[in-house]
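Source file final_26.txt; content: compact mmCIF, C-alpha atoms and all ligand atoms.
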```txt
# COMPACT_ATOMS: atom_id res chain seq x y z
CA MET A 1 -0.42 -22.99 -16.56
CA THR A 2 1.38 -19.67 -16.35
CA ARG A 3 4.20 -19.11 -13.86
CA ILE A 4 5.26 -15.52 -13.25
CA LEU A 5 8.23 -14.13 -11.38
CA GLY A 6 7.46 -10.76 -9.78
CA ILE A 7 10.10 -8.19 -8.89
CA GLU A 8 9.62 -5.14 -6.66
CA THR A 9 12.29 -2.49 -5.98
CA SER A 10 10.32 0.78 -5.97
CA CYS A 11 11.29 1.92 -2.48
CA ASP A 12 13.22 0.22 0.33
CA GLU A 13 12.17 -3.43 -0.04
CA THR A 14 13.96 -5.75 -2.44
CA SER A 15 11.41 -8.45 -3.15
CA ALA A 16 10.78 -11.33 -5.54
CA ALA A 17 7.88 -13.79 -5.70
CA ILE A 18 6.46 -16.54 -7.86
CA VAL A 19 2.73 -16.76 -8.61
CA ASP A 20 1.11 -19.36 -10.85
CA ASP A 21 -2.42 -20.37 -11.82
CA ALA A 22 -1.85 -24.14 -11.82
CA ASN A 23 -5.23 -24.97 -10.27
CA GLY A 24 -7.13 -22.19 -12.01
CA VAL A 25 -6.70 -19.75 -9.12
CA PRO A 26 -3.69 -17.39 -8.92
CA THR A 27 -1.58 -18.86 -6.13
CA LEU A 28 1.50 -17.57 -4.35
CA ARG A 29 4.30 -20.17 -4.48
CA SER A 30 7.15 -18.24 -2.89
CA LEU A 31 7.94 -14.78 -1.59
CA VAL A 32 11.16 -13.21 -0.35
CA ILE A 33 11.22 -9.66 1.05
CA LEU A 34 14.46 -8.02 2.11
CA SER A 35 13.76 -4.78 4.00
CA GLN A 36 16.59 -2.28 3.98
CA ASP A 37 17.10 -1.50 7.66
CA VAL A 38 19.91 0.92 6.79
CA HIS A 39 17.41 3.82 6.33
CA ARG A 40 16.30 3.66 9.96
CA VAL A 41 19.20 5.78 11.19
CA PHE A 42 18.26 8.55 8.73
CA GLY A 43 14.59 8.56 9.75
CA GLY A 44 13.50 8.08 6.12
CA VAL A 45 14.49 6.42 2.84
CA VAL A 46 17.70 7.75 1.24
CA PRO A 47 17.24 7.13 -2.52
CA GLU A 48 20.90 6.61 -3.46
CA ILE A 49 21.42 4.14 -0.62
CA ALA A 50 18.20 2.32 -1.60
CA SER A 51 19.39 1.87 -5.21
CA ARG A 52 22.76 0.50 -4.15
CA ALA A 53 21.18 -1.89 -1.64
CA HIS A 54 18.76 -3.20 -4.33
CA LEU A 55 21.74 -3.82 -6.60
CA THR A 56 23.45 -5.94 -3.95
CA ALA A 57 20.29 -7.84 -3.01
CA ILE A 58 18.44 -8.50 -6.25
CA VAL A 59 20.35 -11.59 -7.45
CA PRO A 60 20.30 -13.53 -4.14
CA VAL A 61 16.68 -12.51 -3.48
CA VAL A 62 15.53 -13.91 -6.86
CA ARG A 63 17.67 -17.04 -6.43
CA GLU A 64 16.12 -17.70 -3.00
CA THR A 65 12.59 -17.12 -4.36
CA VAL A 66 13.08 -19.59 -7.21
CA ALA A 67 14.56 -22.17 -4.81
CA GLN A 68 11.67 -21.75 -2.34
CA ALA A 69 9.19 -22.49 -5.14
CA ALA A 70 11.18 -25.65 -5.96
CA ALA A 71 11.51 -24.30 -9.49
CA THR A 72 14.27 -23.19 -11.85
CA LEU A 73 14.52 -20.01 -13.91
CA SER A 74 13.68 -22.00 -17.04
CA ASP A 75 10.24 -22.82 -15.55
CA LEU A 76 9.21 -19.14 -15.76
CA ASP A 77 6.75 -17.95 -18.41
CA ALA A 78 7.22 -14.22 -17.79
CA VAL A 79 8.84 -11.69 -15.49
CA ALA A 80 6.66 -8.92 -14.04
CA VAL A 81 8.34 -5.87 -12.59
CA THR A 82 7.30 -2.62 -10.90
CA THR A 83 8.12 0.20 -13.31
CA GLU A 84 6.16 3.08 -11.66
CA PRO A 85 5.61 4.98 -9.41
CA GLY A 86 8.58 5.06 -7.06
CA LEU A 87 12.18 6.18 -6.66
CA VAL A 88 13.50 6.09 -10.22
CA GLY A 89 16.98 4.89 -9.27
CA ALA A 90 15.48 2.11 -7.17
CA LEU A 91 12.94 1.12 -9.86
CA MET A 92 15.71 0.97 -12.46
CA VAL A 93 17.53 -1.78 -10.56
CA GLY A 94 14.52 -4.14 -10.71
CA LEU A 95 13.60 -3.05 -14.23
CA ASN A 96 17.07 -3.58 -15.67
CA TYR A 97 17.35 -6.93 -13.91
CA ALA A 98 13.98 -7.95 -15.41
CA LYS A 99 15.12 -6.84 -18.87
CA GLY A 100 18.23 -8.98 -18.52
CA LEU A 101 16.21 -11.98 -17.42
CA SER A 102 13.68 -11.47 -20.22
CA LEU A 103 16.48 -11.46 -22.80
CA ALA A 104 18.44 -14.35 -21.31
CA LEU A 105 15.43 -16.64 -20.87
CA ASP A 106 13.59 -15.39 -23.96
CA ILE A 107 10.41 -14.73 -21.96
CA PRO A 108 8.21 -11.62 -21.99
CA MET A 109 8.55 -8.79 -19.49
CA ILE A 110 5.38 -7.28 -17.99
CA ALA A 111 5.39 -3.71 -16.62
CA VAL A 112 3.36 -3.32 -13.41
CA HIS A 113 2.11 -0.17 -11.69
CA HIS A 114 2.99 -0.44 -7.99
CA MET A 115 -0.46 0.71 -6.79
CA GLU A 116 -2.23 -1.80 -9.04
CA GLY A 117 -0.10 -4.36 -7.23
CA HIS A 118 -1.44 -3.14 -3.87
CA LEU A 119 -4.99 -3.51 -5.28
CA PHE A 120 -4.36 -7.18 -6.13
CA ALA A 121 -2.54 -8.11 -2.89
CA THR A 122 -5.59 -9.13 -0.85
CA SER A 123 -6.83 -11.46 -3.60
CA LEU A 124 -3.80 -13.70 -2.94
CA ASP A 125 -5.05 -14.21 0.63
CA ASP A 126 -8.68 -14.59 -0.36
CA ALA A 127 -9.66 -15.09 -4.00
CA THR A 128 -13.12 -13.63 -3.30
CA ALA A 129 -11.57 -10.17 -2.81
CA GLU A 130 -12.31 -9.40 -6.44
CA PRO A 131 -14.23 -6.62 -8.21
CA PRO A 132 -16.61 -4.97 -8.03
CA PHE A 133 -15.39 -3.22 -4.89
CA THR A 134 -14.42 0.07 -3.28
CA ALA A 135 -10.68 0.25 -2.62
CA LEU A 136 -8.76 2.24 -0.06
CA LEU A 137 -5.02 2.16 -0.71
CA VAL A 138 -3.05 3.67 2.14
CA SER A 139 0.73 3.52 1.98
CA GLY A 140 3.75 5.65 2.79
CA GLY A 141 3.51 7.53 -0.49
CA HIS A 142 -0.14 7.31 -1.54
CA THR A 143 -3.70 7.58 -0.28
CA LEU A 144 -6.15 6.55 -2.99
CA LEU A 145 -9.88 5.95 -2.82
CA LEU A 146 -11.04 4.05 -5.91
CA ASP A 147 -14.09 2.44 -7.38
CA VAL A 148 -13.14 -0.83 -9.07
CA PRO A 149 -15.94 -2.25 -11.24
CA ALA A 150 -13.51 -4.76 -12.82
CA TRP A 151 -9.77 -5.55 -12.70
CA GLY A 152 -8.01 -3.02 -14.90
CA SER A 153 -10.79 -0.43 -14.63
CA TYR A 154 -10.17 2.15 -11.93
CA LYS A 155 -12.15 5.24 -11.08
CA LEU A 156 -10.21 7.60 -8.85
CA LEU A 157 -12.67 9.06 -6.35
CA GLY A 158 -10.39 10.74 -3.86
CA SER A 159 -6.81 11.16 -2.80
CA THR A 160 -4.75 13.14 -0.35
CA ARG A 161 -4.15 16.84 -0.87
CA ASP A 162 -0.89 16.74 1.08
CA ASP A 163 0.57 13.91 3.17
CA ALA A 164 -0.21 10.25 2.52
CA ALA A 165 -1.74 8.35 5.45
CA GLY A 166 1.46 6.37 6.09
CA GLU A 167 3.52 9.54 5.83
CA ALA A 168 1.30 11.16 8.49
CA PHE A 169 1.85 8.14 10.76
CA ASP A 170 5.62 8.33 10.19
CA LYS A 171 5.80 12.08 10.89
CA VAL A 172 3.71 11.76 14.05
CA ALA A 173 5.91 8.85 15.15
CA LYS A 174 8.94 11.11 14.77
CA LEU A 175 7.27 13.85 16.85
CA LEU A 176 6.57 11.26 19.55
CA GLY A 177 10.16 9.97 19.50
CA LEU A 178 9.31 6.61 17.91
CA PRO A 179 11.49 4.73 15.35
CA TYR A 180 11.05 4.87 11.56
CA PRO A 181 8.85 3.64 9.92
CA GLY A 182 6.55 4.60 12.73
CA GLY A 183 3.04 3.42 11.81
CA ARG A 184 3.04 0.24 13.84
CA HIS A 185 4.72 1.97 16.81
CA VAL A 186 2.02 4.67 16.84
CA GLU A 187 -0.66 1.97 16.72
CA ALA A 188 0.93 0.10 19.63
CA LEU A 189 1.30 3.28 21.70
CA ALA A 190 -2.26 4.42 20.95
CA ARG A 191 -3.60 1.17 22.38
CA ASP A 192 -2.82 2.46 25.90
CA GLY A 193 -4.04 5.98 25.14
CA ASP A 194 -7.03 7.78 26.59
CA PRO A 195 -9.32 8.75 23.66
CA SER A 196 -10.88 11.69 25.51
CA ARG A 197 -7.77 13.77 26.27
CA PHE A 198 -6.76 14.93 22.77
CA ARG A 199 -9.70 15.19 20.42
CA PHE A 200 -8.22 16.55 17.20
CA SER A 201 -10.64 17.79 14.56
CA ARG A 202 -11.38 15.31 11.78
CA PRO A 203 -9.71 16.54 8.56
CA MET A 204 -12.10 17.41 5.69
CA LEU A 205 -14.97 15.68 7.43
CA HIS A 206 -17.85 18.11 7.58
CA ARG A 207 -21.07 16.16 7.94
CA ASN A 208 -23.02 18.53 5.71
CA THR A 209 -20.59 18.56 2.76
CA PRO A 210 -22.57 17.96 -0.44
CA SER A 211 -21.45 14.91 -2.45
CA ASP A 212 -20.54 17.04 -5.47
CA ASP A 213 -18.10 19.09 -3.38
CA SER A 214 -14.48 18.29 -4.30
CA SER A 215 -13.64 17.70 -0.62
CA TYR A 216 -16.34 15.02 -0.23
CA LEU A 217 -13.95 12.13 -0.89
CA ASP A 218 -10.49 13.75 -0.67
CA VAL A 219 -8.42 13.71 2.49
CA SER A 220 -5.76 15.98 3.97
CA PHE A 221 -3.53 15.22 6.91
CA SER A 222 -1.15 18.17 7.23
CA GLY A 223 -3.50 20.10 9.55
CA LEU A 224 -3.83 17.07 11.81
CA LYS A 225 -0.04 16.72 11.84
CA THR A 226 0.28 20.39 12.91
CA ALA A 227 -2.32 19.83 15.65
CA VAL A 228 -0.21 16.93 16.93
CA LEU A 229 2.93 19.09 16.79
CA ASN A 230 1.18 21.77 18.86
CA ALA A 231 -0.01 19.18 21.37
CA VAL A 232 3.55 17.83 21.74
CA ARG A 233 4.98 21.34 22.14
CA GLY A 234 2.26 22.31 24.60
CA SER A 235 2.71 19.24 26.76
CA THR A 236 4.23 19.75 30.20
CA ASP A 237 4.77 16.03 30.66
CA ILE A 238 5.28 14.29 27.32
CA GLU A 239 5.95 10.90 28.92
CA ARG A 240 2.48 11.05 30.44
CA ASP A 241 0.83 12.44 27.28
CA ARG A 242 2.50 10.44 24.47
CA ALA A 243 0.04 7.55 24.34
CA ASP A 244 -2.96 9.89 24.62
CA ILE A 245 -1.68 12.07 21.75
CA ALA A 246 -1.02 8.95 19.62
CA ARG A 247 -4.56 7.80 20.35
CA GLY A 248 -6.08 11.19 19.49
CA PHE A 249 -4.15 11.30 16.21
CA GLN A 250 -4.99 7.74 15.18
CA ASP A 251 -8.68 8.11 16.05
CA ALA A 252 -8.96 11.27 13.91
CA LEU A 253 -7.10 9.77 10.94
CA ILE A 254 -9.01 6.48 11.04
CA GLU A 255 -12.42 8.10 11.42
CA THR A 256 -11.68 10.23 8.36
CA LEU A 257 -10.53 7.28 6.22
CA VAL A 258 -13.46 5.11 7.32
CA GLU A 259 -16.05 7.81 6.68
CA LYS A 260 -14.70 8.66 3.21
CA THR A 261 -14.61 4.96 2.28
CA ALA A 262 -18.19 4.52 3.51
CA ARG A 263 -19.29 7.47 1.36
CA ALA A 264 -17.57 5.98 -1.71
CA ALA A 265 -19.07 2.52 -1.16
CA ALA A 266 -22.56 4.00 -0.73
CA MET A 267 -22.22 6.14 -3.87
CA PHE A 268 -21.48 3.09 -6.04
CA HIS A 269 -23.61 0.61 -4.08
CA ARG A 270 -20.62 -1.65 -3.41
CA ASP A 271 -20.87 -4.41 -0.82
CA ARG A 272 -17.13 -5.13 -0.73
CA ILE A 273 -14.27 -2.99 0.48
CA VAL A 274 -10.67 -3.92 -0.22
CA LEU A 275 -7.84 -2.33 1.75
CA GLY A 276 -4.22 -2.23 0.65
CA GLY A 277 -0.85 -0.65 1.39
CA GLY A 278 1.24 -0.61 4.56
CA VAL A 279 -1.31 1.28 6.67
CA ALA A 280 -3.74 -1.60 6.01
CA CYS A 281 -1.62 -3.51 8.58
CA ASN A 282 -3.34 -1.33 11.17
CA ARG A 283 -5.79 -3.58 13.05
CA THR A 284 -7.57 -0.57 14.57
CA LEU A 285 -8.33 0.72 11.05
CA ILE A 286 -9.60 -2.68 9.87
CA GLU A 287 -11.82 -3.10 12.94
CA ALA A 288 -13.19 0.46 12.68
CA MET A 289 -13.96 -0.13 8.98
CA ARG A 290 -15.79 -3.39 9.77
CA ALA A 291 -17.73 -1.79 12.62
CA ARG A 292 -18.79 1.18 10.45
CA MET A 293 -19.86 -0.95 7.45
CA GLY A 294 -21.95 -3.48 9.35
CA VAL A 295 -22.82 -6.97 8.21
CA HIS A 296 -23.89 -6.19 4.65
CA VAL A 297 -20.50 -4.95 3.49
CA GLU A 298 -17.49 -7.26 3.53
CA VAL A 299 -14.16 -5.65 4.41
CA PHE A 300 -11.04 -7.39 3.06
CA ALA A 301 -7.58 -6.58 4.36
CA PRO A 302 -4.33 -8.21 3.29
CA THR A 303 -2.12 -10.10 5.74
CA PRO A 304 0.72 -7.80 6.87
CA ARG A 305 3.39 -9.30 4.56
CA LEU A 306 1.12 -8.64 1.55
CA ALA A 307 0.00 -5.21 2.82
CA THR A 308 3.48 -3.67 2.90
CA ASP A 309 5.61 -3.61 -0.23
CA ASN A 310 6.17 -7.06 -1.70
CA ALA A 311 6.64 -8.75 -5.07
CA ALA A 312 3.75 -11.22 -4.67
CA MET A 313 1.27 -8.47 -5.52
CA ILE A 314 3.42 -7.47 -8.51
CA ALA A 315 3.46 -11.05 -9.82
CA ARG A 316 -0.33 -11.26 -9.31
CA ALA A 317 -1.02 -7.99 -11.15
CA GLY A 318 1.53 -9.11 -13.76
CA LEU A 319 -0.42 -12.33 -14.32
CA PHE A 320 -3.55 -10.27 -15.00
CA ARG A 321 -1.70 -8.04 -17.48
CA TYR A 322 -0.01 -11.08 -19.10
CA ASN A 323 -3.37 -12.79 -19.64
CA HIS A 324 -4.53 -9.60 -21.39
CA GLY A 325 -1.66 -9.93 -23.83
CA GLU A 326 0.37 -7.03 -22.48
CA ARG A 327 4.10 -7.13 -23.07
CA ALA A 328 6.66 -4.42 -22.26
CA SER A 329 9.42 -3.58 -24.70
CA LEU A 330 13.08 -3.55 -23.73
CA ASP A 331 13.21 0.25 -23.91
CA HIS A 332 10.50 0.59 -21.25
CA ALA A 333 11.45 3.36 -18.80
CA ALA A 334 10.87 3.75 -15.06
CA ARG A 335 8.72 6.69 -13.93
CA ALA A 336 8.56 8.46 -10.57
CA THR A 337 4.85 9.23 -10.90
CA ALA A 338 2.12 7.80 -13.11
CA PRO A 339 -1.66 7.34 -12.97
CA LEU A 340 -2.98 3.78 -12.61
CA PRO A 341 -3.41 2.06 -15.98
CA GLY A 342 -7.08 2.19 -16.90
CA GLN A 343 -7.72 5.06 -14.48
CA GLU A 344 -10.50 7.53 -15.16
O1 LIG A 401 2.93 0.11 1.34
P1 LIG A 401 4.15 0.40 2.13
O2 LIG A 401 4.97 -0.76 2.64
O3 LIG A 401 5.16 1.30 1.34
C1 LIG A 401 4.82 2.25 0.40
O4 LIG A 401 4.48 1.87 -0.74
O5 LIG A 401 4.86 3.43 0.80
O6 LIG A 401 3.69 1.32 3.35
C2 LIG A 401 4.57 1.75 4.35
C3 LIG A 401 3.80 2.61 5.34
C4 LIG A 401 4.70 3.35 6.33
O7 LIG A 401 4.33 4.71 6.31
C5 LIG A 401 4.36 2.68 7.66
O8 LIG A 401 4.50 3.54 8.78
C6 LIG A 401 2.93 2.28 7.44
O9 LIG A 401 2.90 1.82 6.11
N1 LIG A 401 2.47 1.24 8.38
C7 LIG A 401 1.50 1.43 9.30
C8 LIG A 401 1.38 0.23 10.05
N2 LIG A 401 2.29 -0.66 9.53
C9 LIG A 401 2.94 -0.03 8.52
N3 LIG A 401 0.74 2.50 9.56
C10 LIG A 401 -0.16 2.40 10.55
N4 LIG A 401 -0.32 1.30 11.33
C11 LIG A 401 0.42 0.19 11.12
N5 LIG A 401 0.26 -0.90 11.87
ZN ZN A 402 3.67 0.38 -1.64
```
Here is a file; write its structure as structure tokens.
Amino acid sequence: MTRILGIETSCDETSAAIVDDANGVPTLRSLVILSQDVHRVFGGVVPEIASRAHLTAIVPVVRETVAQAAATLSDLDAVAVTTEPGLVGALMVGLNYAKGLSLALDIPMIAVHHMEGHLFATSLDDATAEPPFTALLVSGGHTLLLDVPAWGSYKLLGSTRDDAAGEAFDKVAKLLGLPYPGGRHVEALARDGDPSRFRFSRPMLHRNTPSDDSSYLDVSFSGLKTAVLNAVRGSTDIERDRADIARGFQDALIETLVEKTARAAAMFHRDRIVLGGGVACNRTLIEAMRARMGVHVEVFAPTPRLATDNAAMIARAGLFRYNHGERASLDHAARATAPLPGQE
């Protein structure tokens, strides 16, 4: 049996989790997520404040996680930590803590790519969410469309040319006067919206685009964001129009993501789609994806606490890397950007 402690500090969540494979299936034993509410007043994450808040939180968060699993630190076989991509100052807090723990307990440290964590998250809810599958990772910082023939083997099919999907939600939320992070507020507002009043054009979604065109699987949301800005500015009664604009925006974004994912799944003949990242909390997206794919393609989405940033997914990806004999050295550095390991 292998028991892994996962640590995640790449952005504004300080999180720790324990995953083990006691019964042959990777199982989540405990998870603590401390979200830094302090950034709300700034309307976005302030890196320096995030680093300091991680520093204050990391020790009690790990302690609580170990206690919740009814374990002790000496029961751990390895510590897995997010080392990339993310805010370097924030990553360094988790990384240096993991290095200290690795030395003190004489256990290996495993370096985990944050987006590989998001890929593994759903498999903790449902072990059948395993490759081969098409993956759509939609978070605040990334929008990645991948073909995953096996764990550790990732073919990047498409990504965003400008804003990430979550970033687009957050910017539109700001335009509509909603709190940060705004994704779930936009979704809630759009529920009451009239879909016929603001029909924004679908970004990079021309029906006759040939599959070898570079825009076939990429997305772009900055034009849509500008269209929303113009709609807000042009409104004579924003209280009346807010929900309709939110609806128009969300419909356009979701239709684009769903269509691109359907194209990718068809290209590789995949009958499973795995969603990940904070935007995968969006029920409207999940339902639209299921409706578009029909009964022959299974759509997996993580539960909300595993969709947004958390250490459970880092421990799970860490277990995979550990079983492949990977070990990080104590001079391992944090990186702001990095391709997925095993990415073509
Ligand atoms: O994965 P995540 O927690 O952090 C990053 O790694 O970036 O994703 C956060 C993003 C935010 O942009 C937030 O607005 C978005 O996920 N989000 C949503 C919803 N819940 C969270 N977007 C749309 N609909 C939601 N229900
Ligand atoms: Zn994330």
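For the pair atom CA of A:Phe200 and atom CA of A:Gly223, the interatomic distance is 9.7 Å.
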> Hey, which residues come within 10 Å of ligand LIG 401 (chain A) if we count all atoms listed in the file? Could you give them as number ranges by chain?
Replying inline: A: 10-13, 35, 44, 85-86, 114-115, 118, 137-143, 164-173, 179-188, 250, 254, 276-285, 304-310
Need the shell around A:Ala104: protein/DNA/RNA residues with any atom at most 12 Å away, counting all atoms listed in the file. Skip same-chain ones fewer than 3 positions apart. Format as a PDB file with C-alpha atoms, in the frame of the given file?
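The result, written out as part-v8.pdb:
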```pdb
ATOM      1  CA  LEU A  73      14.520 -20.010 -13.910  1.00  0.00           C
ATOM      2  CA  SER A  74      13.680 -22.000 -17.040  1.00  0.00           C
ATOM      3  CA  LEU A  76       9.210 -19.140 -15.760  1.00  0.00           C
ATOM      4  CA  ALA A  78       7.220 -14.220 -17.790  1.00  0.00           C
ATOM      5  CA  VAL A  79       8.840 -11.690 -15.490  1.00  0.00           C
ATOM      6  CA  TYR A  97      17.350  -6.930 -13.910  1.00  0.00           C
ATOM      7  CA  ALA A  98      13.980  -7.950 -15.410  1.00  0.00           C
ATOM      8  CA  LYS A  99      15.120  -6.840 -18.870  1.00  0.00           C
ATOM      9  CA  GLY A 100      18.230  -8.980 -18.520  1.00  0.00           C
ATOM     10  CA  LEU A 101      16.210 -11.980 -17.420  1.00  0.00           C
ATOM     11  CA  ILE A 107      10.410 -14.730 -21.960  1.00  0.00           C
ATOM     12  CA  PRO A 108       8.210 -11.620 -21.990  1.00  0.00           C
ATOM     13  CA  MET A 109       8.550  -8.790 -19.490  1.00  0.00           C
TER      14      MET A 109
END
```
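Between atom CA of A:Ala264 and atom CA of A:Ala317 the interatomic distance comes to 23.6 Å.
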> Can you list, as a VMD selection string, every protein, DNA or RNA residue that comes within 12 Å of A:Gly117 when you count all atoms listed in the file, leaving out same-chain residues fewer than 5 positions away?
Replying inline: chain A and resid 6 to 8 10 80 to 85 111 to 112 122 to 124 137 151 to 152 276 to 277 302 306 to 321 340 to 341
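Interatomic distance, atom CA of A:Ala338 to atom CA of A:Leu55: 23.7 Å.
The shortest atom-to-atom distance to ligand ZN 402 (chain A), with only C-alpha atoms and all ligand atoms taken into account, belongs to A:Ala121 out of A:Val61, A:Ala69, A:Leu175, A:Ala121.
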> Contacts of stretch 286-296 of chain A at 7 Å or less, counting all atoms listed in the file, minus same-chain residues fewer than 4 places along, as an MDAnalysis selection string?
Replying inline: chainID A and resid 258 262 271 282
>> So that I can see what lies close to A:Ala266, please list as an MDAnalysis selection string the residues with an atom at most 12 Å from it, counting all atoms listed in the file and leaving out residues fewer than 6 positions away in the same chain.
In response: chainID A and resid 133:134 147 211 217 259:260 272:273 293 296:297
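Nearest residue to A:Val93 among A:Ser220, A:Glu344, A:Thr9, A:Leu119 is A:Thr9, counting all atoms listed in the file.
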